[in-house]
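Asker: Got a structure for you, written out below as structure tokens; questions coming shortly.
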Amino acid sequence: MALLELRDVRAGYGAIQILQGVTLHVNAGEVVSVIGPNGAGKSTTFKVIMGFITYLGGDIVFDGRPLVGQTPDRILALGLGYVPQGRVVFTRMTVRENLEMGAYLERDKAKIEAGMEFVYGLFPRLRERRRQLAGTMSGGEQQMLAMARALMMRPRMMMLDEPSLGLSPRFVDELFDTIVELARGGLTVMLVEQNAARALEISDRAYVLELGRNRFQGSGQQLLDDPEVRRLYLGGA
Amino acid sequence: MRDLRKTFGGVRAVDGCSFSVPAGKISGLIGPNGSGKTTTFDLLTGLTRPDGGRVLYRGNDLAGLKPHQIFRKGITRTFQITRIFREMTVLENMLSVTGLGVPDHVARERAHELIAFVNLTHLRAEYGGRLSYGQQKLLEFARALMTDPDLILLDEPAAGVNRTLLQHLLAQIHRLQESGKTVLIVEHDMNVIMNHCERIFVLDYGVKIAEGPPAEIRHDERVLDAYFGRRRR
């Protein structure tokens, strides 16, 4: 059964409708990518799942529960983590404080410490830098911290919005390795990526959106090899 | 532009770019997010000073000129996020352009003509902040034309503009070109670029990776790679 399912979802920003009816699902344990040219509605899809923008219709179901009308903290508590675009970390807080913020819904100190150990295990560099101010770290390290913070609640599924944007090639490699490692550990992952080739390489399945609608779907490999998908990016499929 | 360079805190936003915008034509400047398109516009209009290279306009070096001096030479632009005055009316926005060197009544007449040119006559007394996003873009476009410029730089004219307004805007861009103006458009909407530009320049990581007519650019493997990403293995 699908862990997350969207049926004919329509959404936008105020009066401007971006999603014209998007349908997709993510099964437990899968890595699923959402790709498409600029303005396709990729990030908007994440934002409507999290309840940040104007919902106009359709169904959004996570783990059997409807998400429409839920607040972001409730959604987080249900086990759906979200890492927004642009490495949003608290720059004037230390690495450790950032991670504590990720567990703000958790009251049990022992669980917070266990979460901390879990993410330090995944990202040893964050342990080394735990007392450093997040704003003084490189872009790649900040992206790691943003992911680690989302993992503090031990979500069942994580949504990553453009994780590779603006990262140096070395960090891009490291980032995709980390996503693969998290998926092997049982985490369900949905990612939106402008670097479509790299995202498809590590995806079980993917959806290609165009102008707020489903355009293609298939296995990561199928879409990677489909010249039509590539051509879509230059406006002529 | 010859070997233009600009670095922001270690990031080479524009990294040795050279290209010639053909006079009297509509050209497009494209590239993935962060490829240096808006920085290029900022360098062309003096909002940012280059670290190296030259901008030649009709053979004259624009290096070191301030934005208003470049503006007086006949180069104008619009912005990705419109910069109109929200507390002024449409007409007042148009008349906010100074240094036209013409009598007031001529400036007013020109303002009215341009407001009509972008179909905003019925809204001329409305405050800028009350216009729809698309209408604000049309207003900024009209205002950019107040100086009767020769080179018009448009930064994402299609973003957030509905289809009807966009068709109108594109038609007016063609009319400008037919009257001898040069237009350079930065745009993510590939249909706008491919259907309306004669020549396209493609940037990736601040470097020009391709240049040519739409039919060529559409099938250029380097351009496809820049947009789609490259496989690791």
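Residue numbers start at 1 in each chain; chains themselves are named A, B, ... in the order of the structure tokens; ligands are numbered from 1 in the order shown.
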Select all residues from chain B having any atom no more than 10 Å from an atom of chain A (counting only C-alpha atoms, ignoring ligands), output as an MDAnalysis selection string.
Answerer: chainID B and resid 32:34 132:133 159:162 188:195 214 217:221 223:233
Asker: Neighbouring residues of region 115-132 of chain A were defined as those with any atom within 10 Å, considering only C-alpha atoms; residues of the same chain fewer than 5 positions away were excluded. Please report them as a PyMOL selection string.
Answerer: chain A and resi 91-100+102-103+109-110+137+141-142+144-145+147-154+178+181-182
Asker: Skipping near chain neighbours, those fewer than 4 positions away, what residues fall within 7 Å of Val90 (chain B) using only C-alpha atoms, listed as a count of residues only?
Answerer: 7
Asker: Excluding region 149-152 of chain B and residues on its chain fewer than 2 positions from it, collect all residues at most 7 Å away from it, counting only C-alpha atoms, and give them as a PyMOL selection string.
Answerer: chain B and resi 74-77+145+147+154+181-184
Asker: Next, write the just-selected residues to a file, as a PDB file, in the first residue's frame, keeping N, CA and C atoms as the atom set.
Answerer:
ATOM      1  N   GLY B  74      20.727  54.694 -23.720  1.00  0.00           N
ATOM      2  CA  GLY B  74      19.680  54.016 -24.476  1.00  0.00           C
ATOM      3  C   GLY B  74      19.498  52.546 -24.147  1.00  0.00           C
ATOM      4  N   ILE B  75      19.976  52.158 -22.944  1.00  0.00           N
ATOM      5  CA  ILE B  75      19.782  50.765 -22.518  1.00  0.00           C
ATOM      6  C   ILE B  75      18.818  50.770 -21.332  1.00  0.00           C
ATOM      7  N   THR B  76      17.797  49.933 -21.394  1.00  0.00           N
ATOM      8  CA  THR B  76      16.854  49.881 -20.279  1.00  0.00           C
ATOM      9  C   THR B  76      16.562  48.429 -19.934  1.00  0.00           C
ATOM     10  N   ARG B  77      15.967  48.222 -18.756  1.00  0.00           N
ATOM     11  CA  ARG B  77      15.683  46.843 -18.359  1.00  0.00           C
ATOM     12  C   ARG B  77      14.443  46.768 -17.486  1.00  0.00           C
ATOM     13  N   LEU B 145      10.165  51.890 -21.326  1.00  0.00           N
ATOM     14  CA  LEU B 145      10.201  52.430 -22.687  1.00  0.00           C
ATOM     15  C   LEU B 145      10.119  53.955 -22.729  1.00  0.00           C
ATOM     16  N   THR B 147      12.136  56.243 -22.001  1.00  0.00           N
ATOM     17  CA  THR B 147      13.310  56.953 -22.521  1.00  0.00           C
ATOM     18  C   THR B 147      13.527  56.696 -24.014  1.00  0.00           C
ATOM     19  N   LEU B 154      14.890  42.327 -20.838  1.00  0.00           N
ATOM     20  CA  LEU B 154      13.705  41.885 -20.101  1.00  0.00           C
ATOM     21  C   LEU B 154      14.061  40.658 -19.257  1.00  0.00           C
ATOM     22  N   LYS B 181      14.128  48.305 -32.605  1.00  0.00           N
ATOM     23  CA  LYS B 181      14.751  48.131 -31.287  1.00  0.00           C
ATOM     24  C   LYS B 181      15.424  46.765 -31.173  1.00  0.00           C
ATOM     25  N   THR B 182      16.374  46.682 -30.239  1.00  0.00           N
ATOM     26  CA  THR B 182      17.044  45.419 -29.936  1.00  0.00           C
ATOM     27  C   THR B 182      16.521  44.921 -28.590  1.00  0.00           C
ATOM     28  N   VAL B 183      16.173  43.654 -28.531  1.00  0.00           N
ATOM     29  CA  VAL B 183      15.604  43.101 -27.302  1.00  0.00           C
ATOM     30  C   VAL B 183      16.396  41.864 -26.887  1.00  0.00           C
ATOM     31  N   LEU B 184      16.718  41.799 -25.581  1.00  0.00           N
ATOM     32  CA  LEU B 184      17.362  40.603 -25.035  1.00  0.00           C
ATOM     33  C   LEU B 184      16.510  40.128 -23.864  1.00  0.00           C
TER      34      LEU B 184
END
Asker: Identify, with DSSP run on backbone atoms, the residues in region 13-221 of chain A assigned to helix (DSSP H, G or I), and express the list as a VMD selection string.
Answerer: chain A and resid 42 to 49 72 to 77 95 to 102 109 to 122 124 to 128 134 to 136 139 to 151 169 to 184 196 to 201 220 to 221
Asker: Need the shell around Thr23 (chain A): protein/DNA/RNA residues with any atom at most 9 Å away, counting only C-alpha atoms. Skip same-chain ones fewer than 6 positions apart. Format as a PDB file with N, CA and C atoms, in the first residue's frame?
Answerer:
ATOM      1  N   GLU A   5       0.023   9.284  -0.830  1.00  0.00           N
ATOM      2  CA  GLU A   5      -0.717   9.288  -2.092  1.00  0.00           C
ATOM      3  C   GLU A   5      -1.356  10.647  -2.351  1.00  0.00           C
ATOM      4  N   LEU A   6      -1.170  11.140  -3.570  1.00  0.00           N
ATOM      5  CA  LEU A   6      -1.816  12.386  -4.000  1.00  0.00           C
ATOM      6  C   LEU A   6      -2.730  12.046  -5.160  1.00  0.00           C
ATOM      7  N   ARG A   7      -3.990  12.480  -5.075  1.00  0.00           N
ATOM      8  CA  ARG A   7      -4.930  12.233  -6.167  1.00  0.00           C
ATOM      9  C   ARG A   7      -5.488  13.552  -6.665  1.00  0.00           C
ATOM     10  N   ASP A   8      -5.165  13.878  -7.907  1.00  0.00           N
ATOM     11  CA  ASP A   8      -5.734  15.053  -8.575  1.00  0.00           C
ATOM     12  C   ASP A   8      -5.614  16.312  -7.709  1.00  0.00           C
ATOM     13  N   VAL A   9      -4.425  16.551  -7.196  1.00  0.00           N
ATOM     14  CA  VAL A   9      -4.230  17.682  -6.290  1.00  0.00           C
ATOM     15  C   VAL A   9      -4.073  18.978  -7.069  1.00  0.00           C
ATOM     16  N   GLY A  58      -8.553  17.935  -4.401  1.00  0.00           N
ATOM     17  CA  GLY A  58      -7.852  16.664  -4.505  1.00  0.00           C
ATOM     18  C   GLY A  58      -7.585  16.065  -3.137  1.00  0.00           C
ATOM     19  N   ARG A 213       1.056  19.604 -14.228  1.00  0.00           N
ATOM     20  CA  ARG A 213       0.358  18.347 -14.539  1.00  0.00           C
ATOM     21  C   ARG A 213       1.340  17.199 -14.684  1.00  0.00           C
ATOM     22  N   ASN A 214       0.821  15.964 -14.476  1.00  0.00           N
ATOM     23  CA  ASN A 214       1.641  14.786 -14.737  1.00  0.00           C
ATOM     24  C   ASN A 214       1.932  14.710 -16.225  1.00  0.00           C
TER      25      ASN A 214
END
Asker: Which residue, A:Glu106, A:Glu210, A:Glu113, A:Asp73, has the smallest gap to Gln20 (chain A) when you use only C-alpha atoms?
Answerer: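 Once distances to Gln20 (chain A) are computed over only C-alpha atoms, the minimum belongs to A:Glu210.
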Asker: Please provide the set of residues having any atom within 6 Å of Thr54 (chain A), restricted to only C-alpha atoms, with same-chain residues fewer than 4 positions apart removed, written as a PyMOL selection string.
Answerer: chain A and resi 11-13
Asker: Nearest residue to Leu187 (chain A) out of A:Ala2, A:Leu133, A:Val34, A:Met157, using only C-alpha atoms?
Answerer: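 Using only C-alpha atoms, Leu187 (chain A) sits closest to A:Met157.
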Asker: Quick one: everything within 12 Å of Thr164 (chain B), counting only C-alpha atoms, minus sequence neighbours fewer than 4 positions away in the same chain. Send it as a compact mmCIF listing (two decimals) with C-alpha atoms, in the first residue's frame.
Answerer:
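Result file follows (around18.txt):
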# COMPACT_ATOMS: atom_id res chain seq x y z
CA ASN B 119 -3.45 48.03 -22.60
CA GLY B 134 0.89 40.56 -14.68
CA GLN B 135 -0.34 44.13 -14.97
CA ALA B 158 6.57 35.70 -18.65
CA GLY B 160 3.56 34.90 -13.21
CA HIS B 168 -0.18 40.78 -25.59
CA LEU B 169 3.26 41.44 -24.11
CA LEU B 170 4.93 39.25 -26.75
CA ALA B 171 3.07 41.00 -29.55
Asker: Can you list every residue of region 50-121 of chain A that has an atom at most 12 Å from region 26-32 of chain A, with its nearest atom pair and the distance in Å to one decimal, using only C-alpha atoms, ordered by chain then number, as JSON lines?
Answerer:
{"residue": "A:Ile60", "atom": "CA", "partner": "A:Val26", "partner_atom": "CA", "distance": 11.6}
{"residue": "A:Val61", "atom": "CA", "partner": "A:Val26", "partner_atom": "CA", "distance": 10.6}
{"residue": "A:Phe62", "atom": "CA", "partner": "A:Val26", "partner_atom": "CA", "distance": 9.5}
{"residue": "A:Asp63", "atom": "CA", "partner": "A:Ala28", "partner_atom": "CA", "distance": 9.3}
{"residue": "A:Leu80", "atom": "CA", "partner": "A:Ala28", "partner_atom": "CA", "distance": 11.9}
Asker: Print the selection's residues with N, CA and C atoms to a file, as a PDB file, in the first residue's frame.
Answerer:
ATOM      1  N   ILE A  60      -4.851  14.177  -0.376  1.00  0.00           N
ATOM      2  CA  ILE A  60      -3.473  13.932   0.036  1.00  0.00           C
ATOM      3  C   ILE A  60      -3.552  13.022   1.258  1.00  0.00           C
ATOM      4  N   VAL A  61      -3.025  11.807   1.117  1.00  0.00           N
ATOM      5  CA  VAL A  61      -3.148  10.830   2.199  1.00  0.00           C
ATOM      6  C   VAL A  61      -1.780  10.303   2.569  1.00  0.00           C
ATOM      7  N   PHE A  62      -1.457  10.357   3.854  1.00  0.00           N
ATOM      8  CA  PHE A  62      -0.186   9.805   4.337  1.00  0.00           C
ATOM      9  C   PHE A  62      -0.494   8.742   5.370  1.00  0.00           C
ATOM     10  N   ASP A  63      -0.014   7.539   5.118  1.00  0.00           N
ATOM     11  CA  ASP A  63      -0.195   6.453   6.065  1.00  0.00           C
ATOM     12  C   ASP A  63      -1.673   6.277   6.441  1.00  0.00           C
ATOM     13  N   LEU A  80       6.334  12.398   8.738  1.00  0.00           N
ATOM     14  CA  LEU A  80       6.733  12.898   7.419  1.00  0.00           C
ATOM     15  C   LEU A  80       7.659  14.101   7.609  1.00  0.00           C
TER      16      LEU A  80
END
